[in-house]
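Contents: one structure, followed by commentary.
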Amino acid sequence: MAIIEIKVPDIGDFSDVAVIELLVKPGDTVKAEQSLLTVESDKASMEIPSSHSGVVKELKVALGDKVSEGSLVLLLEVAAESSASHQAVAQAAPAPAAAASVAVTSAATTSATNPPAAPAAPAQAATTPVASGPLEVRVPDIGDFHDVAVIEVMVKPGDSVKAEQSLITVESDKASMEIPSSAAGVIKELKVKLGDKVNMGDLLAILEGTAVAAVATVQAPVAEQATNVPAAQAPAAATLVASGVLATTAHNPTVAPIGLPHASPSVRKFARELGVPLAEVKGTGLKGRITDHDVQAFTRSVMSGAIQTVAAQASAKSAPASSGTDGAGLGLIPWPKVDFAKFGPVERKELSRIKKISGANLLRNAIMIPAVTNHDDCDITDLEAFRVSTNKENEKSGVKVTMLAFLIKACVAALKKYPEFNSSLDGDALIYKQYYHIGFAADTPNGLMVPVIKDADKKGIFQISTEMGELAKKARDGKLGPAEMTGASFTISSLGGIGGRYFTPIINAPEVAILGVCRSTIEPVWDGKAFQPRLMLPLSLTWDHRVIDGAAAARFNVYLGQILGDFRRILL
Ligand code: CAO
């Protein structure tokens, strides 16, 4: 075993950079390439990994310390032969950090065997005026970074930018850096978006306006150092190339860079993987820095319901209809944006007010309820014959009885037998309703409405039919009052007058079940000896699995079928 000193390697022109995160402590076993600490300048943060496997004996830096190339970071206990071989490597390579007894692999260079970074040389001043007109801004030489993700886009088309103003932030798993514009002008077109992977030379933006090519006496960026290409060889201004990471303004570490939460690249990566909005996480690290523990704590709070993300609050508030949501609060990928006009003529029409309201409710109910639908058929041959004869008998009354009125009565009987279908969830409790108010979906020119037949258990088929007719007419005329649409304990959605076989209706929360009914048809039914032509009614019962189980749903449907098959059972 041997103790070796781990020192800050060549980190380019960064000197006196603050230690903002300690990722290890004495006693920790670290692997080669494992990050030890995070340092940060005003434009970039980077993690300093260990070049060796071993056990941390002693930390030589504390949070907030300023370090530069060669600063002692920690003492590491390593296997003796490992120490010797590393010494050899370190000595073989032209020393980027001559004083280092053991070089730590640079976050940017990632390999200790890389040739050394170019000495920090001021980039050449190039204040040559550039003719006005479109100018291409490209990713500069960012060293060994390949396919780095754009994690932030700070400008948009139409924005005026100054030379050296940051345009985007890119991030690898070890470092993040801002890419500034090397020229002043107006952003005409952005060529990258969040999540894009970029490489040196990729086109970032088209800039318009009189501009001045890259800036004088700026220090060579860390990213450029990483390429080990002397500054003199850096891409010239054939096209306007954004210069690299620049230290032009004083950095206040208590304030995150514009739009960029104050966290190290690995923490940001961790947050991205979990879908955590870092801007909402309170940092408990040095000067408000967000640590991985903060991200974990935030995630736990969201999962336990203790807090809601801003996106979740916004989507709950606006509860947009159908395609109106971008799914952000759910961590979903964004809603596809398609220019339909590209494929043919189109016309845009706003959704009706009712569609917007019902859409928002349907969306919430579809997402939040673990719903299951049971399909079944029931024999209504005799009931239909009774309905037809009843209507004939009462022709003069002006009241026409449809199957829906019988369905309402049959459902009330089933709800009485299986009361959980007539309940609502209230936290961890169920509210069993002692009343039977049945909603029925009504198709209106403005969209779906659900009038409610109150106290259906106390009403006869004629009264229910009469009320249904009145309420359906009011719904179609847009004259339903709020009281006529609220208070349902169970809902029926009948498409029987239209057609179809089965469907999966969406539960009308806070109810826990809904019955969908389609058009009855004559079907051959085996009676044990022969096929008989029977009028079969397709049923689709959707239920909330938090409250109801599949067996109960099957029993409900069977019982409903028995009643509709022989309505006398309702008296039993
Ligand atoms: N099988 C066969 N025929 C049926 C039937 C069924 N299950 N249900 C109704 N019918 C018949 C009726 O007997 C009537 O026949 P006649 O014209 O010969 O008398 C015809 O279909 C039309 O009935 P209706 O629809 O006017 O009356 P209803 O009581 O069945 O329904 C109402 C009333 C308001 C519910 C209905 O008009 C309606 O709006 N339905 C659409 C509901 C809806 O949109 N649901 C989907 C919600 S999810 O988006």
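Naming scheme: A, B, ... for chains in displayed order of the structure tokens; residues 1 onward per chain; ligands 1 onward as shown.
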| request: Could you give me the residues within range 13-69 of chain A that DSSP places in strand (DSSP E), as a list in words? | output: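 Written out, the strand (DSSP E) residues of range 13-69 of chain A are Val17, Ala18, Val19, Ile20, Glu21, Leu22, Thr29, Val30, Ser35, Leu36, Leu37, Thr38, Val39, Glu40, Ala44, Ser45, Met46, Glu47, Ile48, Pro49, Gly54, Val55, Val56, Lys57, Glu58, Leu59, Lys66 and Val67 of chain A.
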Mind dumping the selected residues with C-alpha atoms as a compact mmCIF listing (two decimals), in the first residue's frame?
```
# COMPACT_ATOMS: atom_id res chain seq x y z
CA VAL A 17 -12.12 28.00 -8.95
CA ALA A 18 -14.43 27.19 -6.09
CA VAL A 19 -14.93 23.68 -4.80
CA ILE A 20 -18.70 23.45 -4.85
CA GLU A 21 -19.19 19.80 -4.11
CA LEU A 22 -17.23 17.09 -2.34
CA THR A 29 -13.29 3.46 -1.71
CA VAL A 30 -13.05 5.11 -5.09
CA SER A 35 -15.52 11.94 -9.59
CA LEU A 36 -13.99 13.30 -6.40
CA LEU A 37 -15.18 16.88 -6.34
CA THR A 38 -16.88 19.48 -8.47
CA VAL A 39 -15.33 22.84 -9.20
CA GLU A 40 -17.03 25.74 -10.84
CA ALA A 44 -18.62 26.02 -16.47
CA SER A 45 -18.59 23.43 -13.78
CA MET A 46 -16.63 20.24 -13.94
CA GLU A 47 -16.04 17.18 -11.93
CA ILE A 48 -12.55 16.13 -11.13
CA PRO A 49 -12.24 12.37 -11.29
CA GLY A 54 -7.99 3.35 -3.78
CA VAL A 55 -9.24 4.47 -0.39
CA VAL A 56 -9.56 8.13 0.53
CA LYS A 57 -7.29 8.73 3.51
CA GLU A 58 -7.63 12.44 3.95
CA LEU A 59 -9.39 15.29 2.21
CA LYS A 66 -10.47 27.92 -4.18
CA VAL A 67 -8.24 25.56 -6.13
```
| task | Write out as a count of residues only each polymer residue (protein, DNA or RNA) that has an atom no more than 8 Å from ligand 1, with only C-alpha atoms and all ligand atoms counted. | result | 33
| said: Please determine, counting only C-alpha atoms, which residue among A:His262, A:His545, A:Lys355, A:Lys197 has the shortest atom-to-atom distance to Gly283 in chain A. | reply: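 Ranked by minimum distance to Gly283 in chain A, first place goes to A:His262.
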| request: Find the spatial neighbours of range 372-378 of chain A, counting only C-alpha atoms, within a cut-off of 6 Å - ignore same-chain residues fewer than 3 positions away - and output them as a count of residues only. | output: 9
As an mmCIF file with N, CA, C and O atoms, in the first residue's frame, please: the residues near Thr291 in chain A (cut-off 9 Å, only C-alpha atoms, same-chain neighbours under 3 positions excluded).
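File produced: out-v5.cif:
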```cif
data_model
loop_
_atom_site.group_PDB
_atom_site.id
_atom_site.type_symbol
_atom_site.label_atom_id
_atom_site.label_comp_id
_atom_site.auth_asym_id
_atom_site.auth_seq_id
_atom_site.Cartn_x
_atom_site.Cartn_y
_atom_site.Cartn_z
ATOM 1 N N GLU A 21 -18.616 21.080 -4.509
ATOM 2 C CA GLU A 21 -19.190 19.804 -4.106
ATOM 3 C C GLU A 21 -18.065 18.823 -3.794
ATOM 4 O O GLU A 21 -17.126 18.698 -4.582
ATOM 5 N N ALA A 263 -26.352 23.527 -9.886
ATOM 6 C CA ALA A 263 -26.068 22.133 -9.568
ATOM 7 C C ALA A 263 -24.976 21.637 -10.492
ATOM 8 O O ALA A 263 -24.783 22.170 -11.582
ATOM 9 N N SER A 264 -24.305 20.610 -10.054
ATOM 10 C CA SER A 264 -23.218 20.073 -10.870
ATOM 11 C C SER A 264 -23.795 19.272 -12.036
ATOM 12 O O SER A 264 -24.959 18.870 -12.008
ATOM 13 N N VAL A 267 -25.434 16.032 -11.023
ATOM 14 C CA VAL A 267 -26.716 16.210 -10.341
ATOM 15 C C VAL A 267 -27.792 16.563 -11.370
ATOM 16 O O VAL A 267 -28.920 16.064 -11.325
ATOM 17 N N GLY A 283 -31.785 23.959 -2.928
ATOM 18 C CA GLY A 283 -30.434 23.442 -2.706
ATOM 19 C C GLY A 283 -30.009 23.598 -1.268
ATOM 20 O O GLY A 283 -30.212 24.650 -0.664
ATOM 21 N N THR A 284 -29.417 22.564 -0.715
ATOM 22 C CA THR A 284 -28.929 22.655 0.667
ATOM 23 C C THR A 284 -27.403 22.646 0.703
ATOM 24 O O THR A 284 -26.806 22.646 1.768
ATOM 25 N N GLY A 285 -26.818 22.603 -0.489
ATOM 26 C CA GLY A 285 -25.357 22.591 -0.538
ATOM 27 C C GLY A 285 -24.798 23.981 -0.324
ATOM 28 O O GLY A 285 -25.518 24.929 0.021
ATOM 29 N N ASP A 294 -30.658 16.508 -2.398
ATOM 30 C CA ASP A 294 -31.803 17.415 -2.584
ATOM 31 C C ASP A 294 -32.744 16.872 -3.651
ATOM 32 O O ASP A 294 -33.966 16.946 -3.527
ATOM 33 N N VAL A 295 -32.162 16.336 -4.727
ATOM 34 C CA VAL A 295 -32.990 15.780 -5.812
ATOM 35 C C VAL A 295 -33.773 14.577 -5.302
ATOM 36 O O VAL A 295 -34.967 14.426 -5.560
ATOM 37 N N GLN A 296 -33.103 13.743 -4.517
ATOM 38 C CA GLN A 296 -33.786 12.568 -3.968
ATOM 39 C C GLN A 296 -34.916 12.995 -3.030
ATOM 40 O O GLN A 296 -36.025 12.453 -3.092
#
```
| field | Within 9 Å of Ile408 in chain A using only C-alpha atoms, minus same-chain residues under 5 positions, as a PyMOL selection string | value | chain A and resi 403+413+438+440+453+456-457+461+464+491-492
Please produce an output containing C-alpha atoms for each residue in the selection, written as a short mmCIF file (atom, residue, chain, number, x, y, z; two decimals), in the first residue's frame.
```cif
data_model
loop_
_atom_site.label_atom_id
_atom_site.label_comp_id
_atom_site.auth_asym_id
_atom_site.auth_seq_id
_atom_site.Cartn_x
_atom_site.Cartn_y
_atom_site.Cartn_z
CA MET A 403 -84.76 0.85 -23.06
CA ALA A 413 -81.49 -2.53 -8.25
CA ILE A 438 -78.44 8.35 -12.16
CA PHE A 440 -77.16 9.71 -18.47
CA ILE A 453 -82.29 11.76 -12.86
CA ALA A 456 -84.39 7.20 -9.61
CA ASP A 457 -85.20 4.55 -7.00
CA ILE A 461 -90.55 4.04 -15.66
CA ILE A 464 -88.12 8.54 -15.56
CA THR A 491 -73.89 7.10 -14.91
CA ILE A 492 -75.21 5.31 -17.98
#
```
| task | Point out the residue among A:Val192, A:Ala279, A:Pro510, A:Glu5 with the least atom-to-atom distance to Leu430 in chain A, counting only C-alpha atoms. | result |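 Counting only C-alpha atoms, the residue closest to Leu430 in chain A is A:Pro510.
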| task | Pick out the closest residue to Pro445 in chain A from this set: A:Glu523, A:Arg353, A:Glu484, A:Phe421. Count only C-alpha atoms. | result |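 With only C-alpha atoms as the atom set, the closest residue is A:Arg353.
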